[in-house]
file coords33.txt (compact mmCIF, C-alpha atoms)
# COMPACT_ATOMS: atom_id res chain seq x y z
CA MET A 226 2.66 -11.31 -14.30
CA ASN A 227 4.08 -12.41 -10.96
CA LEU A 228 3.90 -10.65 -7.62
CA ILE A 229 7.21 -8.96 -6.73
CA ASN A 230 9.54 -11.15 -4.69
CA VAL A 231 10.60 -10.50 -1.12
CA GLY A 232 14.24 -9.45 -0.83
CA VAL A 233 14.48 -7.46 -4.07
CA SER A 234 15.02 -3.72 -4.30
CA ALA A 235 11.65 -1.98 -4.60
CA PRO A 236 11.16 -0.30 -7.99
CA GLU A 237 11.21 3.50 -7.74
CA PHE A 238 8.09 5.43 -8.69
CA SER A 239 6.50 8.84 -8.44
CA LEU A 240 2.72 9.28 -8.53
CA ILE A 241 0.32 12.17 -7.94
CA ASP A 242 -1.88 11.96 -4.85
CA HIS A 243 -5.45 13.11 -4.22
CA ASN A 244 -4.15 16.61 -3.30
CA LYS A 245 -2.18 16.99 -6.55
CA ARG A 246 1.13 16.41 -4.73
CA GLU A 247 3.82 14.19 -6.15
CA THR A 248 4.79 11.27 -3.94
CA SER A 249 8.02 9.38 -4.64
CA LEU A 250 9.05 6.14 -3.01
CA SER A 251 12.62 7.45 -2.73
CA SER A 252 11.47 10.28 -0.44
CA TYR A 253 10.91 7.68 2.32
CA ARG A 254 14.18 5.79 1.86
CA GLY A 255 16.28 5.85 5.01
CA SER A 256 13.53 7.37 7.15
CA LYS A 257 10.33 5.30 6.87
CA ASN A 258 9.08 1.86 5.99
CA VAL A 259 6.36 1.99 3.34
CA VAL A 260 3.20 -0.07 2.94
CA LEU A 261 1.86 -0.02 -0.61
CA SER A 262 -1.82 -0.88 -0.39
CA PHE A 263 -3.07 -1.59 -3.91
CA HIS A 264 -6.81 -1.78 -4.46
CA VAL A 265 -9.12 -2.46 -7.40
CA TYR A 266 -11.23 0.71 -7.48
CA THR A 267 -11.53 3.59 -5.07
CA PHE A 268 -15.32 3.68 -4.73
CA THR A 269 -15.74 0.06 -3.60
CA ASP A 270 -16.69 -1.58 -0.33
CA GLY A 271 -13.40 -3.47 -0.34
CA TRP A 272 -11.32 -0.29 -0.51
CA ARG A 273 -13.52 1.43 2.06
CA ASP A 274 -12.90 -1.39 4.51
CA GLN A 275 -9.20 -1.48 3.62
CA ILE A 276 -8.59 2.26 4.09
CA LEU A 277 -10.70 2.54 7.23
CA SER A 278 -8.75 -0.34 8.76
CA PHE A 279 -5.45 1.36 7.92
CA MET A 280 -6.72 4.70 9.25
CA ALA A 281 -7.98 3.14 12.48
CA ASN A 282 -4.46 1.80 13.02
CA SER A 283 -2.58 4.91 11.84
CA SER A 284 -0.92 5.43 15.24
CA GLN A 285 0.34 1.82 15.11
CA PHE A 286 1.96 2.51 11.75
CA GLU A 287 3.44 5.78 13.01
CA ARG A 288 5.03 3.96 15.97
CA ARG A 289 6.68 1.63 13.47
CA ASP A 290 8.03 4.52 11.34
CA THR A 291 5.76 3.45 8.50
CA GLN A 292 3.86 5.38 5.84
CA VAL A 293 0.88 3.70 4.17
CA LEU A 294 0.22 4.65 0.54
CA GLY A 295 -3.05 3.70 -1.17
CA ILE A 296 -2.71 3.03 -4.91
CA SER A 297 -5.29 2.34 -7.60
CA THR A 298 -5.55 2.81 -11.35
CA ASP A 299 -8.35 5.35 -10.88
CA ALA A 300 -7.78 8.90 -12.17
CA ARG A 301 -6.63 11.48 -9.63
CA PRO A 302 -9.97 13.36 -9.62
CA THR A 303 -11.62 10.11 -8.52
CA GLN A 304 -9.18 9.84 -5.60
CA THR A 305 -9.94 13.46 -4.63
CA ALA A 306 -13.69 12.87 -4.83
CA TYR A 307 -13.34 9.83 -2.59
CA TYR A 308 -11.56 11.79 0.13
CA MET A 309 -14.16 14.55 -0.15
CA CYS A 310 -16.85 11.93 0.48
CA LEU A 311 -15.03 10.81 3.62
CA GLY A 312 -15.12 14.35 4.96
CA PRO A 313 -13.28 17.31 3.44
CA THR A 314 -12.17 18.87 6.74
CA VAL A 315 -10.61 15.76 8.22
CA HIS A 316 -6.87 15.04 7.85
CA TYR A 317 -6.22 11.58 6.48
CA PRO A 318 -2.74 10.13 7.04
CA ILE A 319 -2.85 7.95 3.92
CA PRO A 320 -2.13 9.55 0.55
CA LEU A 321 -4.24 8.05 -2.21
CA LEU A 322 -2.11 7.75 -5.34
CA SER A 323 -3.30 7.56 -8.93
CA ASP A 324 -1.63 4.92 -11.11
CA PHE A 325 -3.76 6.08 -14.02
CA GLU A 326 -1.37 7.39 -16.67
CA PRO A 327 0.37 5.51 -18.01
CA LYS A 328 -2.31 3.02 -17.00
CA GLY A 329 -1.10 0.70 -14.25
CA ARG A 330 2.64 1.43 -14.69
CA VAL A 331 3.43 1.07 -10.96
CA SER A 332 1.00 -1.82 -10.52
CA ARG A 333 2.86 -3.62 -13.31
CA LEU A 334 6.26 -2.93 -11.69
CA TYR A 335 5.06 -4.69 -8.54
CA GLY A 336 3.32 -7.54 -10.39
CA VAL A 337 -0.20 -6.69 -9.24
CA TYR A 338 -1.78 -5.40 -12.47
CA ASP A 339 -4.76 -7.38 -13.78
CA GLU A 340 -4.72 -7.23 -17.59
CA ASN A 341 -8.30 -8.52 -17.79
CA THR A 342 -9.85 -5.77 -15.66
CA GLY A 343 -7.30 -2.98 -16.22
CA THR A 344 -6.97 -2.54 -12.45
CA ALA A 345 -4.56 -3.32 -9.65
CA LYS A 346 -5.24 -6.50 -7.72
CA ARG A 347 -5.96 -6.11 -3.99
CA SER A 348 -2.49 -6.51 -2.51
CA VAL A 349 -0.01 -5.20 0.02
CA ILE A 350 3.72 -4.71 -0.45
CA VAL A 351 5.88 -3.72 2.54
CA ILE A 352 9.16 -1.94 1.82
CA ASP A 353 11.74 -1.39 4.55
CA LYS A 354 13.70 1.83 5.14
CA GLY A 355 16.53 0.50 2.99
CA GLY A 356 14.23 0.17 -0.03
CA PHE A 357 13.84 -3.62 -0.04
CA VAL A 358 10.60 -5.57 -0.37
CA VAL A 359 10.10 -7.46 2.90
CA PHE A 360 6.50 -8.61 2.44
CA SER A 361 4.25 -9.07 -0.59
CA ARG A 362 0.83 -10.65 -0.76
CA LEU A 363 -2.22 -10.75 -3.00
CA TYR A 364 -5.53 -10.78 -1.15
CA THR A 365 -8.76 -12.39 -2.18
CA SER A 366 -12.10 -10.67 -2.11
CA THR A 367 -15.48 -12.30 -2.39
CA ILE A 368 -18.89 -10.77 -2.74
CA GLU A 369 -21.30 -12.10 -0.14
CA ALA A 370 -24.99 -11.48 0.43
CA GLY A 371 -25.84 -10.22 3.90
CA ILE A 372 -28.88 -11.16 5.91
CA THR A 373 -30.86 -8.41 4.16
CA GLY A 374 -29.76 -9.69 0.77
CA GLN A 375 -27.49 -6.67 0.18
CA ALA A 376 -24.08 -7.57 -1.23
CA PHE A 377 -20.88 -6.79 0.64
CA VAL A 378 -17.20 -7.50 -0.01
CA GLU A 379 -15.33 -9.87 2.27
CA SER A 380 -11.52 -9.76 2.10
CA ASP A 381 -8.82 -11.73 3.86
CA LEU A 382 -6.67 -8.60 4.26
CA ASP A 383 -5.83 -8.20 7.95
CA VAL A 384 -3.98 -5.08 9.07
CA ASN A 385 -2.75 -6.90 12.19
CA ASN A 386 -0.77 -9.29 9.97
CA ILE A 387 0.88 -6.32 8.27
CA LEU A 388 1.74 -4.76 11.65
CA GLU A 389 3.30 -8.09 12.71
CA GLU A 390 5.42 -8.09 9.55
CA LEU A 391 6.63 -4.59 10.41
CA ASP A 392 7.56 -5.79 13.89
CA HIS A 393 9.76 -8.47 12.29
CA LEU A 394 11.76 -5.81 10.43
CA LYS A 395 13.82 -5.16 13.53
CA ASN A 396 15.28 -8.65 13.16
CA THR A 397 15.74 -8.62 9.39
CA VAL A 398 19.26 -8.12 8.06
CA TRP A 399 18.25 -6.02 5.05
CA ALA A 400 16.16 -3.70 7.23
CA ASN A 401 19.42 -2.23 8.55
CA PRO A 402 21.72 -1.17 5.69
CA SER A 403 24.66 -0.55 8.04
CA ALA A 404 24.32 -4.09 9.45
CA THR A 405 24.29 -5.46 5.92
CA THR A 406 27.45 -3.51 5.06
CA TRP A 407 29.09 -4.73 8.26
CA LEU A 408 28.27 -8.34 7.41
CA ILE A 409 29.63 -8.02 3.87
CA PHE A 410 32.96 -6.58 4.99
CA GLN A 411 33.60 -8.85 7.99
call {"tool": "encode", "arguments": {"input": "coords33.txt", "output": "structure tokens"}}
result
Amino acid sequence: MNLINVGVSAPEFSLIDHNKRETSLSSYRGSKNVVLSFHVYTFTDGWRDQILSFMANSSQFERRDTQVLGISTDARPTQTAYYMCLGPTVHYPIPLLSDFEPKGRVSRLYGVYDENTGTAKRSVIVIDKGGFVVFSRLYTSTIEAGITGQAFVESDLDVNNILEELDHLKNTVWANPSATTWLIFQ
């Protein structure tokens, strides 16, 4: 299974989030860019670091008219439990979507499903307001032993790189559907 290509129309999907609300990709079309942040499991150090990094930069994503969506193949109650562990009274700007049933359907659409583990691979897909994939990348994670001997996950995912990709959207032809139409009919 190959990672989805840049320049193609993003496959439509609807998934249930940690608050039992349905989230559809099409609901953002025309109004927001979307970052799909796929992760292996919700209760992992890698996802904790990933989501905290996205949350710490939430105002940067808002300024770029971008919604981040976290996606894993965990069941929805697992997603809810994770947010409760973070703090039940705090508002989190990142919906955590369950790609559980049918198992990994959306992960497969985007080419990030790992058949061996039955999980999504750590990856990020950026979709512009017009519904086109403008960035796709698989990230590596390694388990390292800290100075105390306790294991931790090290990933090469860098939110600043994703923010830079969003900044490039302003200069991308397919990021502006009216410009694309204008070019076709000139």
call {"tool": "closest_residue", "arguments": {"input": "coords33.txt", "among": "A:Cys310, A:Leu277, A:Leu322, A:Leu363", "to": "A:Glu247", "atoms": "all atoms listed in the file"}}
result
A:Leu322
call {"tool": "closest_residue", "arguments": {"input": "coords33.txt", "among": "A:Phe268, A:Phe357, A:Tyr364, A:Phe325", "to": "A:Thr344", "atoms": "all atoms listed in the file"}}
result
A:Phe325
call {"tool": "closest_residue", "arguments": {"input": "coords33.txt", "among": "A:Ser252, A:Pro236, A:Gln285, A:Thr303", "to": "A:Val384", "atoms": "all atoms listed in the file"}}
result
A:Gln285
call {"tool": "residues_near_point", "arguments": {"input": "coords33.txt", "point": "(7.5, -8.0, -1.5)", "cutoff": "12 Å", "atoms": "only C-alpha atoms", "output": "PDB file with C-alpha atoms, in the frame of the given file"}}
result
ATOM      1  CA  ASN A 227       4.080 -12.410 -10.960  1.00  0.00           C
ATOM      2  CA  LEU A 228       3.900 -10.650  -7.620  1.00  0.00           C
ATOM      3  CA  ILE A 229       7.210  -8.960  -6.730  1.00  0.00           C
ATOM      4  CA  ASN A 230       9.540 -11.150  -4.690  1.00  0.00           C
ATOM      5  CA  VAL A 231      10.600 -10.500  -1.120  1.00  0.00           C
ATOM      6  CA  GLY A 232      14.240  -9.450  -0.830  1.00  0.00           C
ATOM      7  CA  VAL A 233      14.480  -7.460  -4.070  1.00  0.00           C
ATOM      8  CA  SER A 234      15.020  -3.720  -4.300  1.00  0.00           C
ATOM      9  CA  ALA A 235      11.650  -1.980  -4.600  1.00  0.00           C
ATOM     10  CA  PRO A 236      11.160  -0.300  -7.990  1.00  0.00           C
ATOM     11  CA  VAL A 259       6.360   1.990   3.340  1.00  0.00           C
ATOM     12  CA  VAL A 260       3.200  -0.070   2.940  1.00  0.00           C
ATOM     13  CA  LEU A 261       1.860  -0.020  -0.610  1.00  0.00           C
ATOM     14  CA  SER A 262      -1.820  -0.880  -0.390  1.00  0.00           C
ATOM     15  CA  LEU A 334       6.260  -2.930 -11.690  1.00  0.00           C
ATOM     16  CA  TYR A 335       5.060  -4.690  -8.540  1.00  0.00           C
ATOM     17  CA  GLY A 336       3.320  -7.540 -10.390  1.00  0.00           C
ATOM     18  CA  VAL A 337      -0.200  -6.690  -9.240  1.00  0.00           C
ATOM     19  CA  SER A 348      -2.490  -6.510  -2.510  1.00  0.00           C
ATOM     20  CA  VAL A 349      -0.010  -5.200   0.020  1.00  0.00           C
ATOM     21  CA  ILE A 350       3.720  -4.710  -0.450  1.00  0.00           C
ATOM     22  CA  VAL A 351       5.880  -3.720   2.540  1.00  0.00           C
ATOM     23  CA  ILE A 352       9.160  -1.940   1.820  1.00  0.00           C
ATOM     24  CA  ASP A 353      11.740  -1.390   4.550  1.00  0.00           C
ATOM     25  CA  GLY A 356      14.230   0.170  -0.030  1.00  0.00           C
ATOM     26  CA  PHE A 357      13.840  -3.620  -0.040  1.00  0.00           C
ATOM     27  CA  VAL A 358      10.600  -5.570  -0.370  1.00  0.00           C
ATOM     28  CA  VAL A 359      10.100  -7.460   2.900  1.00  0.00           C
ATOM     29  CA  PHE A 360       6.500  -8.610   2.440  1.00  0.00           C
ATOM     30  CA  SER A 361       4.250  -9.070  -0.590  1.00  0.00           C
ATOM     31  CA  ARG A 362       0.830 -10.650  -0.760  1.00  0.00           C
ATOM     32  CA  LEU A 363      -2.220 -10.750  -3.000  1.00  0.00           C
ATOM     33  CA  ILE A 387       0.880  -6.320   8.270  1.00  0.00           C
ATOM     34  CA  GLU A 390       5.420  -8.090   9.550  1.00  0.00           C
TER      35      GLU A 390
END
call {"tool": "closest_residue", "arguments": {"input": "coords33.txt", "among": "A:Trp272, A:Tyr253, A:Phe279, A:Phe286", "to": "A:Lys354", "atoms": "only C-alpha atoms"}}
result
A:Tyr253
